[in-house]
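Student: mmCIF, C-alpha atoms and all ligand atoms, file input-v3.cif:
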data_model
#
loop_
_atom_site.label_atom_id
_atom_site.label_comp_id
_atom_site.auth_asym_id
_atom_site.auth_seq_id
_atom_site.Cartn_x
_atom_site.Cartn_y
_atom_site.Cartn_z
CA MET A 1 0.00 0.00 0.00
CA ASN A 2 1.12 3.57 -0.70
CA ALA A 3 0.02 6.47 1.49
CA ILE A 4 0.10 10.13 0.52
CA HIS A 5 -0.41 12.78 3.18
CA VAL A 6 -2.41 15.83 2.07
CA PRO A 7 -1.39 18.76 4.31
CA THR A 8 -4.50 20.93 3.93
CA GLY A 9 -6.01 22.97 6.82
CA SER A 10 -7.69 19.74 7.82
CA PRO A 11 -5.04 17.19 6.79
CA TYR A 12 -5.67 13.59 5.72
CA ASP A 13 -4.15 10.56 4.07
CA VAL A 14 -4.86 8.99 0.70
CA CYS A 15 -4.18 5.24 0.92
CA ILE A 16 -3.73 3.40 -2.39
CA GLY A 17 -3.45 -0.35 -2.79
CA PRO A 18 -5.30 -3.65 -3.11
CA GLY A 19 -7.76 -4.95 -0.50
CA LEU A 20 -8.37 -1.62 1.26
CA LEU A 21 -12.19 -1.83 1.27
CA SER A 22 -11.98 -4.26 4.19
CA GLU A 23 -10.11 -1.53 6.12
CA LEU A 24 -13.10 0.82 5.96
CA GLY A 25 -14.62 -0.16 9.33
CA PRO A 26 -11.32 -0.21 11.27
CA SER A 27 -10.36 3.15 9.67
CA VAL A 28 -13.62 4.85 10.75
CA ARG A 29 -13.13 3.41 14.24
CA ALA A 30 -9.54 4.67 14.46
CA LEU A 31 -10.24 8.15 13.06
CA TYR A 32 -13.63 8.79 14.69
CA PRO A 33 -13.86 6.88 18.00
CA LYS A 34 -17.14 8.64 18.89
CA ALA A 35 -18.92 7.60 15.68
CA VAL A 36 -21.93 5.34 16.14
CA ARG A 37 -23.53 5.39 12.66
CA VAL A 38 -22.16 5.59 9.16
CA LEU A 39 -24.15 6.69 6.14
CA LEU A 40 -22.82 4.80 3.14
CA VAL A 41 -23.68 6.69 -0.05
CA THR A 42 -23.31 4.83 -3.31
CA ASP A 43 -24.94 4.55 -6.73
CA SER A 44 -27.05 1.94 -8.45
CA THR A 45 -24.07 0.56 -10.43
CA VAL A 46 -21.71 0.27 -7.49
CA GLU A 47 -24.25 -0.85 -4.89
CA PRO A 48 -24.58 -4.47 -6.11
CA LEU A 49 -20.79 -4.77 -6.43
CA PHE A 50 -19.35 -3.26 -3.27
CA ALA A 51 -22.00 -1.95 -0.84
CA ALA A 52 -22.29 -5.26 1.04
CA PRO A 53 -18.55 -5.72 1.72
CA ALA A 54 -18.30 -2.03 2.71
CA ALA A 55 -21.25 -2.32 5.13
CA ASP A 56 -19.89 -5.63 6.48
CA SER A 57 -16.56 -4.00 7.26
CA LEU A 58 -18.34 -1.15 9.09
CA ARG A 59 -20.60 -3.50 11.07
CA ALA A 60 -17.70 -5.76 12.00
CA ALA A 61 -16.10 -2.66 13.54
CA GLY A 62 -19.22 -2.12 15.66
CA LEU A 63 -20.77 0.66 13.58
CA ALA A 64 -24.38 0.90 12.39
CA ALA A 65 -24.40 1.29 8.60
CA ASP A 66 -27.27 2.66 6.49
CA THR A 67 -27.00 2.78 2.71
CA TYR A 68 -28.39 5.50 0.45
CA VAL A 69 -28.36 4.59 -3.25
CA LEU A 70 -28.27 7.29 -5.95
CA PRO A 71 -29.31 6.48 -9.51
CA SER A 72 -26.05 6.21 -11.49
CA GLY A 73 -25.04 9.11 -13.68
CA GLU A 74 -24.37 12.83 -13.60
CA ALA A 75 -28.14 13.51 -13.66
CA SER A 76 -28.24 12.59 -9.94
CA LYS A 77 -25.90 15.44 -8.99
CA THR A 78 -28.72 17.86 -8.21
CA ALA A 79 -29.85 20.06 -5.34
CA GLU A 80 -33.04 17.97 -5.12
CA ARG A 81 -31.05 14.75 -4.60
CA LEU A 82 -28.85 16.52 -2.10
CA VAL A 83 -31.91 17.45 -0.02
CA GLU A 84 -33.23 13.88 -0.32
CA LEU A 85 -29.88 12.57 0.92
CA LEU A 86 -29.89 15.01 3.86
CA ASN A 87 -33.45 13.97 4.76
CA PHE A 88 -32.37 10.32 4.65
CA ALA A 89 -29.47 11.09 7.04
CA ALA A 90 -31.85 12.92 9.40
CA ALA A 91 -34.42 10.13 9.24
CA HIS A 92 -31.71 7.61 10.18
CA GLY A 93 -30.54 9.66 13.14
CA LEU A 94 -27.05 10.63 11.96
CA THR A 95 -25.42 13.16 14.30
CA ARG A 96 -22.35 15.39 14.02
CA SER A 97 -20.11 12.73 15.54
CA ASP A 98 -21.12 10.26 12.82
CA VAL A 99 -19.56 9.81 9.39
CA PHE A 100 -20.59 9.76 5.74
CA VAL A 101 -18.80 7.46 3.30
CA ALA A 102 -18.83 8.09 -0.46
CA LEU A 103 -18.48 4.74 -2.22
CA GLY A 104 -18.43 5.41 -5.95
CA GLY A 105 -17.19 7.66 -8.72
CA GLY A 106 -17.02 11.43 -9.08
CA MET A 107 -20.77 12.04 -8.92
CA THR A 108 -21.16 10.10 -5.66
CA GLY A 109 -18.09 11.71 -4.11
CA ASP A 110 -19.13 15.23 -5.06
CA ILE A 111 -22.69 15.05 -3.72
CA THR A 112 -21.71 13.10 -0.59
CA GLY A 113 -18.95 15.60 0.19
CA LEU A 114 -21.39 18.49 -0.14
CA ALA A 115 -23.94 16.68 2.03
CA ALA A 116 -21.20 16.16 4.65
CA ALA A 117 -20.27 19.85 4.44
CA VAL A 118 -23.80 21.06 5.16
CA TYR A 119 -25.47 18.34 7.26
CA MET A 120 -25.70 19.80 10.77
CA ARG A 121 -23.15 22.42 9.58
CA GLY A 122 -20.58 19.77 8.76
CA LEU A 123 -19.53 16.24 9.68
CA PRO A 124 -16.62 14.04 8.54
CA TYR A 125 -16.64 11.95 5.39
CA ILE A 126 -14.44 9.35 3.78
CA GLN A 127 -13.95 8.88 0.07
CA VAL A 128 -13.79 5.35 -1.33
CA PRO A 129 -13.33 5.93 -5.08
CA THR A 130 -14.44 3.14 -7.40
CA THR A 131 -13.47 4.79 -10.70
CA LEU A 132 -10.07 5.84 -11.97
CA LEU A 133 -11.31 9.41 -12.40
CA ALA A 134 -12.38 9.61 -8.77
CA ALA A 135 -9.15 7.91 -7.64
CA VAL A 136 -6.78 10.35 -9.33
CA ASP A 137 -8.84 13.53 -9.18
CA SER A 138 -12.23 14.10 -7.60
CA SER A 139 -11.77 12.14 -4.34
CA VAL A 140 -8.76 14.26 -3.38
CA GLY A 141 -8.81 17.98 -2.67
CA GLY A 142 -12.16 18.63 -1.00
CA LYS A 143 -14.10 20.07 -3.94
CA THR A 144 -17.72 19.08 -3.36
CA ALA A 145 -20.72 20.14 -5.44
CA VAL A 146 -23.96 19.51 -7.22
CA ASP A 147 -24.95 20.90 -10.62
CA LEU A 148 -27.53 23.62 -11.25
CA PRO A 149 -29.52 23.95 -14.48
CA ALA A 150 -27.17 26.83 -15.37
CA GLY A 151 -24.04 24.68 -15.18
CA LYS A 152 -21.89 22.03 -13.58
CA ASN A 153 -20.76 22.28 -9.96
CA LEU A 154 -22.39 25.67 -9.43
CA MET A 155 -23.51 24.81 -5.88
CA GLY A 156 -20.70 23.53 -3.72
CA ALA A 157 -18.20 23.92 -0.91
CA PHE A 158 -14.61 23.11 -0.07
CA TRP A 159 -14.79 20.33 2.51
CA GLN A 160 -11.82 18.00 2.84
CA PRO A 161 -12.40 14.28 3.44
CA GLY A 162 -10.96 12.71 6.59
CA LEU A 163 -9.47 9.85 4.57
CA VAL A 164 -9.38 8.55 1.00
CA LEU A 165 -9.26 4.76 0.71
CA CYS A 166 -8.40 3.84 -2.86
CA ASP A 167 -8.74 0.08 -3.21
CA THR A 168 -7.14 -0.73 -6.56
CA ASP A 169 -9.01 -4.07 -6.67
CA LEU A 170 -12.28 -2.15 -7.14
CA LEU A 171 -10.95 -0.51 -10.29
CA SER A 172 -10.34 -3.87 -11.97
CA THR A 173 -14.12 -4.41 -12.29
CA LEU A 174 -14.66 -1.18 -14.23
CA PRO A 175 -16.21 -1.39 -17.71
CA GLU A 176 -13.48 -0.57 -20.24
CA GLY A 177 -15.15 2.68 -21.33
CA VAL A 178 -15.32 3.99 -17.76
CA PHE A 179 -11.68 3.06 -17.16
CA LEU A 180 -10.50 4.73 -20.38
CA SER A 181 -12.53 7.82 -19.55
CA GLY A 182 -10.61 8.09 -16.26
CA CYS A 183 -7.37 7.76 -18.22
CA ALA A 184 -8.03 11.25 -19.62
CA GLU A 185 -7.35 12.67 -16.15
CA VAL A 186 -4.17 10.56 -15.87
CA ILE A 187 -2.97 11.87 -19.24
CA LYS A 188 -3.84 15.37 -17.97
CA TYR A 189 -1.33 15.04 -15.10
CA ALA A 190 1.33 13.84 -17.54
CA VAL A 191 0.79 16.81 -19.88
CA LEU A 192 0.74 19.20 -16.93
CA PHE A 193 3.63 17.98 -14.85
CA ASP A 194 5.63 15.03 -16.05
CA SER A 195 6.99 14.13 -19.45
CA ALA A 196 8.40 10.85 -17.99
CA LEU A 197 4.85 9.83 -16.97
CA PHE A 198 3.71 10.76 -20.49
CA ASP A 199 6.42 8.48 -21.94
CA ARG A 200 5.42 5.70 -19.54
CA LEU A 201 1.75 5.93 -20.62
CA ASP A 202 2.88 6.00 -24.24
CA ARG A 203 4.96 2.88 -23.64
CA ASP A 204 2.49 0.86 -21.52
CA GLY A 205 -0.87 2.06 -22.88
CA PRO A 206 -3.98 1.19 -20.81
CA ALA A 207 -2.10 -1.71 -19.15
CA PHE A 208 -0.09 0.74 -17.00
CA ASP A 209 0.64 -0.21 -13.38
CA ARG A 210 -2.47 1.03 -11.53
CA GLU A 211 -1.03 1.45 -8.06
CA ALA A 212 2.14 3.20 -9.20
CA VAL A 213 0.44 5.58 -11.64
CA ILE A 214 -2.45 6.47 -9.31
CA THR A 215 0.08 7.19 -6.56
CA GLN A 216 2.03 9.49 -8.90
CA CYS A 217 -1.13 11.35 -9.96
CA VAL A 218 -2.36 11.77 -6.37
CA GLY A 219 1.10 13.09 -5.49
CA PHE A 220 0.74 15.80 -8.16
CA LYS A 221 -2.74 16.63 -6.96
CA ARG A 222 -1.54 16.81 -3.34
CA ASP A 223 1.17 19.30 -4.31
CA VAL A 224 -1.20 21.75 -6.02
CA VAL A 225 -3.99 21.36 -3.45
CA ALA A 226 -1.52 21.98 -0.61
CA GLU A 227 -0.35 25.19 -2.33
CA ASP A 228 -3.80 26.48 -3.29
CA GLU A 229 -6.39 24.66 -1.20
CA ARG A 230 -9.36 26.83 -2.19
CA ASP A 231 -8.43 27.33 -5.84
CA THR A 232 -7.89 31.06 -5.45
CA GLY A 233 -5.88 31.83 -8.55
CA GLY A 234 -2.80 29.75 -7.76
CA ARG A 235 -1.45 26.51 -9.18
CA ARG A 236 -4.66 24.55 -8.57
CA ALA A 237 -6.14 26.21 -11.65
CA LEU A 238 -3.72 24.12 -13.73
CA LEU A 239 -5.88 21.06 -12.96
CA ASN A 240 -8.46 22.55 -15.29
CA LEU A 241 -6.39 21.63 -18.36
CA GLY A 242 -8.93 20.60 -20.99
CA HIS A 243 -11.84 21.48 -18.70
CA THR A 244 -12.97 24.88 -20.04
CA LEU A 245 -13.82 23.44 -23.43
CA GLY A 246 -14.41 20.00 -21.88
CA HIS A 247 -17.23 21.17 -19.62
CA ALA A 248 -18.80 22.94 -22.61
CA VAL A 249 -18.57 19.79 -24.76
CA GLU A 250 -19.98 17.66 -21.93
CA ALA A 251 -22.96 19.98 -21.41
CA CYS A 252 -23.63 20.52 -25.14
CA SER A 253 -23.57 16.76 -25.72
CA GLY A 254 -26.32 16.44 -23.10
CA PHE A 255 -23.79 14.35 -21.08
CA ALA A 256 -23.73 11.74 -23.88
CA LEU A 257 -19.95 12.21 -23.76
CA SER A 258 -18.47 11.33 -20.37
CA HIS A 259 -16.44 13.82 -18.35
CA GLY A 260 -13.18 12.10 -19.34
CA GLN A 261 -14.07 11.97 -23.03
CA SER A 262 -15.02 15.65 -22.92
CA VAL A 263 -11.79 16.61 -21.16
CA ALA A 264 -9.89 14.61 -23.79
CA VAL A 265 -11.50 16.74 -26.52
CA GLY A 266 -10.64 19.85 -24.49
CA MET A 267 -6.98 18.83 -24.11
CA ALA A 268 -6.66 17.98 -27.79
CA VAL A 269 -8.20 21.31 -28.86
CA VAL A 270 -6.04 23.47 -26.55
CA SER A 271 -2.92 21.53 -27.59
CA ARG A 272 -3.62 22.11 -31.29
CA ALA A 273 -4.58 25.73 -30.58
CA ALA A 274 -1.37 26.25 -28.58
CA ALA A 275 0.65 24.84 -31.47
CA GLN A 276 -1.17 27.14 -33.94
CA ALA A 277 -0.41 30.11 -31.69
CA GLY A 278 3.27 29.10 -31.46
CA ILE A 279 3.01 28.51 -27.70
CA CYS A 280 3.89 24.83 -27.95
CA GLY A 281 5.54 22.76 -30.66
CA GLN A 282 3.50 20.98 -33.35
CA GLU A 283 5.16 17.70 -32.41
CA ASP A 284 4.09 17.98 -28.75
CA ALA A 285 0.49 18.74 -29.80
CA ARG A 286 0.57 15.74 -32.14
CA ARG A 287 1.88 13.52 -29.32
CA VAL A 288 -0.88 14.66 -26.92
CA CYS A 289 -3.59 13.87 -29.49
CA GLY A 290 -1.86 10.59 -30.38
CA LEU A 291 -1.77 9.44 -26.74
CA LEU A 292 -5.45 10.33 -26.22
CA GLU A 293 -6.32 8.30 -29.33
CA ARG A 294 -4.18 5.39 -28.10
CA PHE A 295 -6.47 5.33 -25.03
CA GLY A 296 -9.59 5.31 -27.23
CA LEU A 297 -10.45 8.90 -26.32
CA PRO A 298 -11.98 11.46 -28.73
CA THR A 299 -9.88 14.40 -29.92
CA ALA A 300 -12.45 16.42 -31.88
CA THR A 301 -16.05 17.58 -31.76
CA ASP A 302 -18.57 18.78 -34.33
CA ILE A 303 -20.51 20.89 -31.80
CA PRO A 304 -20.73 24.41 -33.31
CA MET A 305 -18.42 27.06 -31.87
CA ASP A 306 -21.31 29.38 -30.92
CA ARG A 307 -22.82 26.77 -28.59
CA LEU A 308 -19.44 25.99 -27.06
CA MET A 309 -18.71 29.71 -26.55
CA GLU A 310 -22.00 30.23 -24.73
CA LYS A 311 -21.14 27.45 -22.27
CA MET A 312 -17.49 28.47 -21.90
CA LEU A 313 -18.51 32.02 -21.03
CA SER A 314 -20.78 30.74 -18.26
CA ASP A 315 -17.91 28.64 -16.84
CA LYS A 316 -17.43 29.30 -13.15
CA LYS A 317 -13.68 29.72 -13.73
CA ARG A 318 -14.56 33.01 -15.39
CA SER A 319 -13.31 36.08 -13.56
CA GLY A 320 -14.83 39.36 -14.76
CA ASN A 321 -15.17 38.85 -18.50
CA LYS A 322 -12.05 36.67 -18.76
CA VAL A 323 -11.88 32.90 -18.79
CA SER A 324 -8.68 31.21 -17.58
CA VAL A 325 -7.50 28.71 -20.15
CA ILE A 326 -4.76 26.21 -19.32
CA VAL A 327 -2.37 26.07 -22.25
CA PRO A 328 0.37 23.49 -22.86
CA GLU A 329 3.82 24.98 -23.50
CA ARG A 330 5.41 21.56 -23.84
CA ILE A 331 4.64 18.10 -22.49
CA GLY A 332 5.11 18.41 -18.72
CA GLN A 333 4.61 22.18 -18.57
CA CYS A 334 1.47 24.32 -18.94
CA SER A 335 0.48 27.87 -18.04
CA VAL A 336 -2.71 29.72 -17.12
CA ARG A 337 -3.79 32.32 -19.70
CA PRO A 338 -6.80 34.58 -19.01
CA MET A 339 -8.66 35.31 -22.27
CA GLY A 340 -11.48 37.69 -23.11
CA PRO A 341 -14.39 36.40 -25.25
CA ASP A 342 -12.88 37.36 -28.63
CA GLU A 343 -9.45 35.94 -27.86
CA LEU A 344 -11.05 32.78 -26.44
CA ARG A 345 -13.11 32.23 -29.58
CA GLN A 346 -10.15 32.81 -31.88
CA PHE A 347 -7.84 30.59 -29.82
CA MET A 348 -10.25 27.65 -29.52
CA LYS A 349 -11.37 27.90 -33.13
CA ALA A 350 -7.79 27.40 -34.27
CA GLY A 351 -7.69 24.09 -32.38
CA LEU A 352 -11.10 22.67 -33.27
N1 LIG A 401 -10.71 18.70 -10.19
C1 LIG A 401 -9.96 19.89 -10.10
C2 LIG A 401 -9.61 20.29 -8.71
O1 LIG A 401 -9.79 19.52 -7.79
O2 LIG A 401 -9.15 21.37 -8.51
#
Please express what this file holds, its structure, as structure tokens.
Ligand code: GLY

Tutor:
Amino acid sequence: MNAIHVPTGSPYDVCIGPGLLSELGPSVRALYPKAVRVLLVTDSTVEPLFAAPAADSLRAAGLAADTYVLPSGEASKTAERLVELLNFAAAHGLTRSDVFVALGGGMTGDITGLAAAVYMRGLPYIQVPTTLLAAVDSSVGGKTAVDLPAGKNLMGAFWQPGLVLCDTDLLSTLPEGVFLSGCAEVIKYAVLFDSALFDRLDRDGPAFDREAVITQCVGFKRDVVAEDERDTGGRRALLNLGHTLGHAVEACSGFALSHGQSVAVGMAVVSRAAAQAGICGQEDARRVCGLLERFGLPTATDIPMDRLMEKMLSDKKRSGNKVSVIVPERIGQCSVRPMGPDELRQFMKAGL
């Protein structure tokens, strides 16, 4: 097992390795000795696979475990579901000394984290990611949210988990498409921070060593989150590589494209656009697109620019009338470039 310590205001460990789900109960006991009940939040895909062993581990540690099951998919990440989840917690008598556990992918982690942030003004929660995307990105860093009709993640809070238990055995049951979608976030870290990781992914393809690569990615995430915990204009913004256009593609596709696929399109477009603008070399842009394709990820979209612009301009990363775009300079190094609407349109259009 590998452990990465995240030194945020409320610090915690991310544990990565096989067989960790059985450690859930003992971990809650050790971290929260006063806890009596645990609310296990999961989704309808994950529930039949892992809810029973998770609840068994909690009960064996002397904790009462209730399970709330969300319908799978981004459509569950709503304020209405959040309220339903909070009502469920209240109906089952959860108190501030109890604990929520998010067992699932990004959607489950985001809504559970927000529920933990607001239930009785805040109680602890543990992330147990079951997708690669959640393992390398959304389970770490304390961003919690639900979507509003106006856009993704518009209602949220920063609320750090008390522990992240990443059981790599759970990831081996993922459908291939879900796994490859998560690989977009892994490739993102390589383009942002590490050309050696990029070469490793290029060499090994989707058969890369899960434990080693997840540990590397979480290490990168820890570094930026520790520097800029609340995403206030520092290095954490870099994690949005591919996300400005990606979120627009995801929304315009009516969520037919997954988050990872949409981010892949976003990374490919900004890489080509950066090469067109002379910010990064043509060869690097070609390699980024080539690696995304090697992982079965899309690198283009036929959604019209006007629709994408409308969504990009409502992105919550906008500040005043500028949108911060993360632009590759070379593989392993990117920079944040604020762009006004005209510049944004011109830049993105060159990469479409
Ligand atoms: N997923 C981007 C971040 O945590 O900042």

Student: Of the candidates A:Val265, A:Leu197, A:Ala277, A:Ala145, which shows the shortest atom-to-atom distance to ligand LIG 401 (chain A), using all atoms listed in the file?

Tutor: A:Ala145

Student: Name the residues, by chain letter and number, that sit within 7 Å of ligand LIG 401 (chain A) using only C-alpha atoms and all ligand atoms, and give them as a compact mmCIF listing (two decimals) with C-alpha atoms, in the frame of the given file.

Tutor:
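So out_22.txt came out as:
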# COMPACT_ATOMS: atom_id res chain seq x y z
CA ASP A 137 -8.84 13.53 -9.18
CA SER A 138 -12.23 14.10 -7.60
CA VAL A 140 -8.76 14.26 -3.38
CA GLY A 141 -8.81 17.98 -2.67
CA LYS A 143 -14.10 20.07 -3.94
CA ASP A 231 -8.43 27.33 -5.84
CA ARG A 236 -4.66 24.55 -8.57
CA ALA A 237 -6.14 26.21 -11.65
CA LEU A 239 -5.88 21.06 -12.96
CA ASN A 240 -8.46 22.55 -15.29

Student: If you count all atoms listed in the file, which residues fall within 12 Å of Val213 in chain A, apart from same-chain ones fewer than 3 positions away, as number ranges by chain?

Tutor: A: 2, 16-17, 132, 135-136, 168, 183, 185-187, 189-190, 194, 196-198, 200-201, 204-210, 216-220

Student: Tell me which protein, DNA and RNA residues are within 8 Å of Val101 in chain A, counting all atoms listed in the file, leaving out same-chain ones fewer than 5 positions away, and put them as a ChimeraX atom specification.

Tutor: /A:38-41,112,125-128

Student: Which is closest to Arg294 in chain A among A:Ala248, A:Ala30, A:Ala264, A:Ile279, if we use only C-alpha atoms?

Tutor: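 Closest to Arg294 in chain A, using only C-alpha atoms: A:Ala264.
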
Student: Which residues, written as an MDAnalysis selection string, have at least one atom at most 8 Å from Val263 in chain A, with only C-alpha atoms counted and residues fewer than 2 positions away on the same chain left out?

Tutor: chainID A and resid 184:185 241:243 245:247 259:261 265:267

Student: Might you pull out every residue within 10 Å of Arg287 in chain A, with all atoms listed in the file counted and same-chain residues fewer than 5 positions away left off, and present them as a list of chain:residue names?

Tutor: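 The contact residues come out as A:Phe198, A:Asp202, A:Ala268, A:Ser271, A:Gln282, A:Leu292, A:Glu293, A:Ile331.
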